[in-house]
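K.L.:
Contents are PDB, C-alpha atoms; file name input_3.pdb:
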```
MODEL        1
ATOM      1  CA  MET A   1      91.378 121.600 117.110
ATOM      2  CA  PRO A   2      87.921 121.092 115.490
ATOM      3  CA  ALA A   3      87.201 124.800 116.015
ATOM      4  CA  ASP A   4      90.511 125.657 114.329
ATOM      5  CA  CYS A   5      89.623 123.481 111.345
ATOM      6  CA  GLU A   6      86.222 125.143 111.080
ATOM      7  CA  LEU A   7      87.867 128.582 111.090
ATOM      8  CA  VAL A   8      90.173 127.445 108.274
ATOM      9  CA  ARG A   9      87.147 126.122 106.382
ATOM     10  CA  GLU A  10      85.443 129.519 106.638
ATOM     11  CA  TRP A  11      88.655 131.269 105.546
ATOM     12  CA  ARG A  12      88.873 128.988 102.501
ATOM     13  CA  ARG A  13      85.277 129.803 101.506
ATOM     14  CA  ASP A  14      85.764 133.567 101.902
ATOM     15  CA  GLU A  15      87.891 134.058  98.810
ATOM     16  CA  ALA A  16      88.531 132.185  95.572
ATOM     17  CA  GLY A  17      91.987 130.730  95.099
ATOM     18  CA  ARG A  18      92.554 129.684  98.687
ATOM     19  CA  GLY A  19      93.503 126.087  99.283
ATOM     20  CA  VAL A  20      93.961 123.704 102.181
ATOM     21  CA  VAL A  21      96.285 120.709 102.380
ATOM     22  CA  VAL A  22      95.833 118.222 105.219
ATOM     23  CA  VAL A  23      98.415 115.720 106.399
ATOM     24  CA  ASN A  24      97.754 112.068 107.194
ATOM     25  CA  THR A  25      94.769 111.298 109.424
ATOM     26  CA  THR A  26      93.773 114.954 109.669
ATOM     27  CA  PHE A  27      91.584 114.214 106.632
ATOM     28  CA  ARG A  28      89.024 113.027 109.186
ATOM     29  CA  MET A  29      88.820 116.461 110.754
ATOM     30  CA  ALA A  30      88.777 118.326 107.437
ATOM     31  CA  PRO A  31      87.160 116.107 104.786
ATOM     32  CA  TRP A  32      86.428 119.269 102.781
ATOM     33  CA  ALA A  33      90.140 120.120 102.249
ATOM     34  CA  ASP A  34      91.517 120.413  98.738
ATOM     35  CA  ALA A  35      94.364 117.942  99.111
ATOM     36  CA  LEU A  36      95.619 115.193 101.383
ATOM     37  CA  TYR A  37      99.319 114.420 101.575
ATOM     38  CA  ALA A  38     100.813 111.370 103.265
ATOM     39  CA  GLY A  39     104.234 109.986 102.503
ATOM     40  CA  ASP A  40     104.073 106.617 104.229
ATOM     41  CA  VAL A  41     103.199 103.547 102.123
ATOM     42  CA  GLU A  42     101.796 101.667 105.117
ATOM     43  CA  TRP A  43      99.628 104.646 106.089
ATOM     44  CA  TRP A  44      98.063 104.628 102.624
ATOM     45  CA  ARG A  45      97.500 100.878 102.729
ATOM     46  CA  ARG A  46      95.695 101.228 106.050
ATOM     47  CA  TYR A  47      93.596 104.342 105.246
ATOM     48  CA  LEU A  48      93.092 104.399 101.454
ATOM     49  CA  ASP A  49      89.600 102.881 101.549
ATOM     50  CA  GLU A  50      88.458 105.280 104.275
ATOM     51  CA  VAL A  51      89.947 108.230 102.390
ATOM     52  CA  ALA A  52      88.141 107.160  99.211
ATOM     53  CA  ARG A  53      84.810 107.003 101.056
ATOM     54  CA  THR A  54      85.070 110.174 103.135
ATOM     55  CA  PHE A  55      87.559 112.669 101.698
ATOM     56  CA  ASP A  56      86.514 115.123  98.974
ATOM     57  CA  GLY A  57      89.923 116.395  97.848
ATOM     58  CA  ARG A  58      92.781 114.968  95.816
ATOM     59  CA  ASN A  59      95.313 112.554  97.293
ATOM     60  CA  TYR A  60      99.093 112.822  96.958
ATOM     61  CA  THR A  61     102.187 110.918  98.021
ATOM     62  CA  VAL A  62     105.835 110.388  97.133
ATOM     63  CA  SER A  63     105.565 106.663  97.856
ATOM     64  CA  PRO A  64     105.026 103.801  95.412
ATOM     65  CA  VAL A  65     101.479 102.935  96.420
ATOM     66  CA  LYS A  66      98.369 102.469  94.306
ATOM     67  CA  GLY A  67      95.645 105.073  94.816
ATOM     68  CA  PRO A  68      96.996 108.539  95.508
ATOM     69  CA  GLU A  69      98.709 110.569  92.816
ATOM     70  CA  ARG A  70     102.445 110.008  93.087
ATOM     71  CA  LEU A  71     104.622 113.095  92.836
ATOM     72  CA  VAL A  72     108.306 113.743  92.899
ATOM     73  CA  LEU A  73     108.756 116.480  95.473
ATOM     74  CA  TYR A  74     110.960 117.302  98.406
ATOM     75  CA  HIS A  75     109.659 115.785 101.646
ATOM     76  CA  GLY A  76     112.702 115.810 103.915
ATOM     77  CA  GLY A  77     111.687 112.564 105.552
ATOM     78  CA  ASN A  78     108.319 113.631 106.959
ATOM     79  CA  SER A  79     104.825 114.301 105.701
ATOM     80  CA  GLY A  80     104.659 117.826 107.162
ATOM     81  CA  ILE A  81     107.523 118.911 104.928
ATOM     82  CA  GLY A  82     105.957 117.103 101.982
ATOM     83  CA  ALA A  83     102.689 118.994 102.510
ATOM     84  CA  ILE A  84     104.503 122.345 102.476
ATOM     85  CA  SER A  85     106.283 121.338  99.250
ATOM     86  CA  LEU A  86     102.914 120.351  97.765
ATOM     87  CA  ALA A  87     101.420 123.753  98.644
ATOM     88  CA  GLN A  88     104.435 125.430  97.055
ATOM     89  CA  ARG A  89     104.009 123.306  93.927
ATOM     90  CA  PHE A  90     100.401 124.502  93.703
ATOM     91  CA  GLY A  91     101.654 128.090  93.735
ATOM     92  CA  ALA A  92     101.210 129.111  97.368
ATOM     93  CA  ARG A  93     103.177 132.254  98.220
ATOM     94  CA  ARG A  94     101.960 132.265 101.834
ATOM     95  CA  ILE A  95     101.491 129.134 103.927
ATOM     96  CA  VAL A  96      99.891 128.942 107.370
ATOM     97  CA  LEU A  97     100.829 125.867 109.392
ATOM     98  CA  LEU A  98      98.361 124.383 111.846
ATOM     99  CA  GLY A  99      98.994 121.313 113.992
ATOM    100  CA  TYR A 100     102.746 121.337 113.421
ATOM    101  CA  ASP A 101     103.562 120.621 117.061
ATOM    102  CA  CYS A 102     106.778 118.638 116.368
ATOM    103  CA  LYS A 103     106.766 117.155 119.854
ATOM    104  CA  TYR A 104     104.887 114.712 122.015
ATOM    105  CA  GLY A 105     101.943 116.137 123.929
ATOM    106  CA  VAL A 106     102.077 116.528 127.703
ATOM    107  CA  ASP A 107      99.841 113.454 127.918
ATOM    108  CA  GLY A 108     102.307 111.462 125.791
ATOM    109  CA  LYS A 109     100.083 111.586 122.699
ATOM    110  CA  ARG A 110     102.007 111.359 119.476
ATOM    111  CA  HIS A 111      99.174 112.570 117.239
ATOM    112  CA  TRP A 112      95.981 114.549 117.843
ATOM    113  CA  HIS A 113      94.024 111.352 117.156
ATOM    114  CA  GLY A 114      96.131 109.093 119.380
ATOM    115  CA  ASP A 115      98.575 106.456 118.233
ATOM    116  CA  HIS A 116      98.281 104.848 114.837
ATOM    117  CA  PRO A 117      97.363 101.166 114.796
ATOM    118  CA  PRO A 118     100.153  98.552 114.943
ATOM    119  CA  GLY A 119     102.309  98.490 111.830
ATOM    120  CA  LEU A 120     102.319 102.273 111.343
ATOM    121  CA  GLY A 121     104.892 104.743 112.596
ATOM    122  CA  ASN A 122     104.038 106.774 115.669
ATOM    123  CA  ALA A 123     106.300 109.790 115.459
ATOM    124  CA  VAL A 124     109.366 107.888 116.621
ATOM    125  CA  SER A 125     111.614 110.415 114.864
ATOM    126  CA  VAL A 126     109.875 113.472 116.357
ATOM    127  CA  THR A 127     113.131 114.734 117.881
ATOM    128  CA  LYS A 128     114.601 114.977 114.362
ATOM    129  CA  TRP A 129     111.742 117.022 112.936
ATOM    130  CA  PRO A 130     112.812 120.535 114.021
ATOM    131  CA  GLU A 131     116.196 120.069 112.314
ATOM    132  CA  GLN A 132     114.532 118.580 109.216
ATOM    133  CA  PHE A 133     112.340 121.689 109.005
ATOM    134  CA  ARG A 134     115.332 124.020 109.448
ATOM    135  CA  GLU A 135     117.047 122.299 106.522
ATOM    136  CA  ALA A 136     113.873 122.332 104.431
ATOM    137  CA  ALA A 137     113.251 126.038 105.079
ATOM    138  CA  GLN A 138     116.204 126.880 102.827
ATOM    139  CA  ARG A 139     114.192 125.532  99.879
ATOM    140  CA  TRP A 140     111.262 127.863 100.476
ATOM    141  CA  ARG A 141     112.865 131.273 100.350
ATOM    142  CA  GLY A 142     110.438 133.801  98.962
ATOM    143  CA  ILE A 143     107.442 132.032 100.480
ATOM    144  CA  GLU A 144     105.954 133.444 103.655
ATOM    145  CA  ILE A 145     105.381 130.675 106.179
ATOM    146  CA  VAL A 146     103.623 131.346 109.480
ATOM    147  CA  ASN A 147     103.283 128.738 112.213
ATOM    148  CA  ALA A 148      99.814 129.074 113.762
ATOM    149  CA  SER A 149     100.080 125.827 115.730
ATOM    150  CA  ARG A 150      98.857 126.427 119.274
ATOM    151  CA  ASP A 151     101.664 124.477 120.969
ATOM    152  CA  THR A 152     104.831 123.758 119.002
ATOM    153  CA  ALA A 153     108.528 122.979 119.224
ATOM    154  CA  LEU A 154     108.990 124.260 115.674
ATOM    155  CA  THR A 155     110.789 127.612 115.770
ATOM    156  CA  VAL A 156     111.906 127.995 112.151
ATOM    157  CA  TRP A 157     109.130 130.392 111.128
ATOM    158  CA  PRO A 158     107.342 133.252 112.875
ATOM    159  CA  ARG A 159     104.391 132.303 115.042
ATOM    160  CA  ALA A 160     100.963 133.902 115.153
ATOM    161  CA  PRO A 161      97.548 133.004 116.521
ATOM    162  CA  LEU A 162      95.477 131.275 113.845
ATOM    163  CA  GLU A 163      92.939 134.114 113.638
ATOM    164  CA  GLU A 164      95.722 136.623 112.991
ATOM    165  CA  ALA A 165      97.533 134.357 110.524
ATOM    166  CA  LEU A 166      94.321 134.032 108.522
ATOM    167  CA  GLY A 167      93.785 137.778 108.530
ATOM    168  CA  TYR A 168      90.886 137.905 110.963
ATOM    169  CA  GLY A 169      90.641 140.702 113.514
ATOM    170  CA  VAL A 170      89.944 140.382 117.219
ATOM    171  CA  SER A 171      86.235 139.850 116.620
ATOM    172  CA  GLY A 172      86.947 136.871 114.379
ATOM    173  CA  ARG A 173      86.568 138.777 111.091
TER     174      ARG A 173
ENDMDL
END
```
Show the structure stored in the file as structure tokens.
P.N.:
Amino acid sequence: MPADCELVREWRRDEAGRGVVVVNTTFRMAPWADALYAGDVEWWRRYLDEVARTFDGRNYTVSPVKGPERLVLYHGGNSGIGAISLAQRFGARRIVLLGYDCKYGVDGKRHWHGDHPPGLGNAVSVTKWPEQFREAAQRWRGIEIVNASRDTALTVWPRAPLEEALGYGVSGR
């Protein structure tokens, strides 16, 4: 996953107008991203200080919490959907998803970084996510969405390897 984030970072630098939204604790892997979206109040309470110290982009939420900019936008009950809605709000006509696995890993991991600390949700509603995304997809007609996640249960949108989704050829460019 760090190599994927670095490829996205290069893609973002290659052309003006490209933006990157990270979800939840992924800000640690991509502190250079343009925006961070997290919908959970408790997540923000736990990570706001760290985000303020280490993340360069703007912070957004739909929750009543002090710190991030609060927006009214469709989130369908999960932060992944909220991040797509945020990208749409910023004018994205094409969105590439990365890390949208929508399932537990073979090792039982619920997040790429391991479980959240006590008091935070740990993907307990993961089985609901594919249906939430199917419902949400109806809101994004006219926007091209490509799922470049390496291993995913999300089948709503076409899949492609990350390099292809970003427009890179076989050689990486």
K.L.:
Considering all atoms listed in the file, return as number ranges by chain whatever protein or nucleic-acid residues lie within 12 Å of A:Ile81, sequence-local ones (same chain, fewer than 2 positions apart) excluded.
P.N.:
A: 21-23, 37-39, 61-62, 73-79, 83-88, 95, 97, 100, 102, 129-140
K.L.:
Convert the output of the PyMOL selection byres ((chain A and resi 31) around 12) on the shown file into explicit residues, formatted as JSON, numbers by chain.
P.N.:
{"A": [2, 5, 6, 9, 20, 21, 22, 23, 24, 25, 26, 27, 28, 29, 30, 32, 33, 34, 35, 36, 50, 51, 52, 53, 54, 55, 56, 57, 58, 59]}
K.L.:
When distances are computed from only C-alpha atoms, which of A:Arg150, A:Lys128, A:Val65, A:Leu120 shows the smallest separation from A:Asp101?
P.N.:
A:Arg150
K.L.:
Please evaluate the PyMOL selection byres ((chain A and resi 157) around 7) against the structure above and give the resulting residues as a list in words.
P.N.:
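That selection, the PyMOL selection byres ((chain A and resi 157) around 7), comes back as Ile145, Val146, Asn147, Thr155, Val156, Pro158 and Arg159 of chain A.
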K.L.:
So how many Å separate atom CA of A:Asp151 and atom CA of A:Thr127, to one decimal?
P.N.:
15.4 Å
K.L.:
For atom CA of A:Lys103 and atom CA of A:Tyr60, quote the distance in Å rounded to one decimal.
P.N.:
24.5 Å
K.L.:
What is the atom CA of A:Val126-atom CA of A:Leu162 distance in Å, reported with one decimal?
P.N.:
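Separation of atom CA of A:Val126 and atom CA of A:Leu162: 23.0 Å.
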K.L.:
Between A:Gly17, A:Gly67, A:Gly119, A:Pro161, which one has atoms that come closest to A:Phe90, using all atoms listed in the file?
P.N.:
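Counting all atoms listed in the file, the residue closest to A:Phe90 is A:Gly17.
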K.L.:
In terms of the shortest atom-to-atom distance over only C-alpha atoms, which of A:Pro117, A:Gly80, A:Leu7, A:Ser63 is closest to A:Gly99?
P.N.:
A:Gly80
K.L.:
Taking all atoms listed in the file into account, name the residue in A:Ala160, A:Val72, A:Val41, A:Arg12 that is nearest to A:Arg89.
P.N.:
A:Val72
K.L.:
For each of A:Asp40, A:Glu163, A:Glu69, A:Asp107, take the minimum atom-to-atom distance to A:Glu10, counting only C-alpha atoms, then give the residue where this is smallest.
P.N.:
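When distances to A:Glu10 are compared using only C-alpha atoms, the smallest one comes from A:Glu163.
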K.L.:
Of the candidates A:Ala92, A:Leu48, A:Leu166, A:Leu98, which one gets nearest to A:Leu154 if we count only C-alpha atoms?
P.N.:
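Smallest separation from A:Leu154 among the options: A:Leu98.
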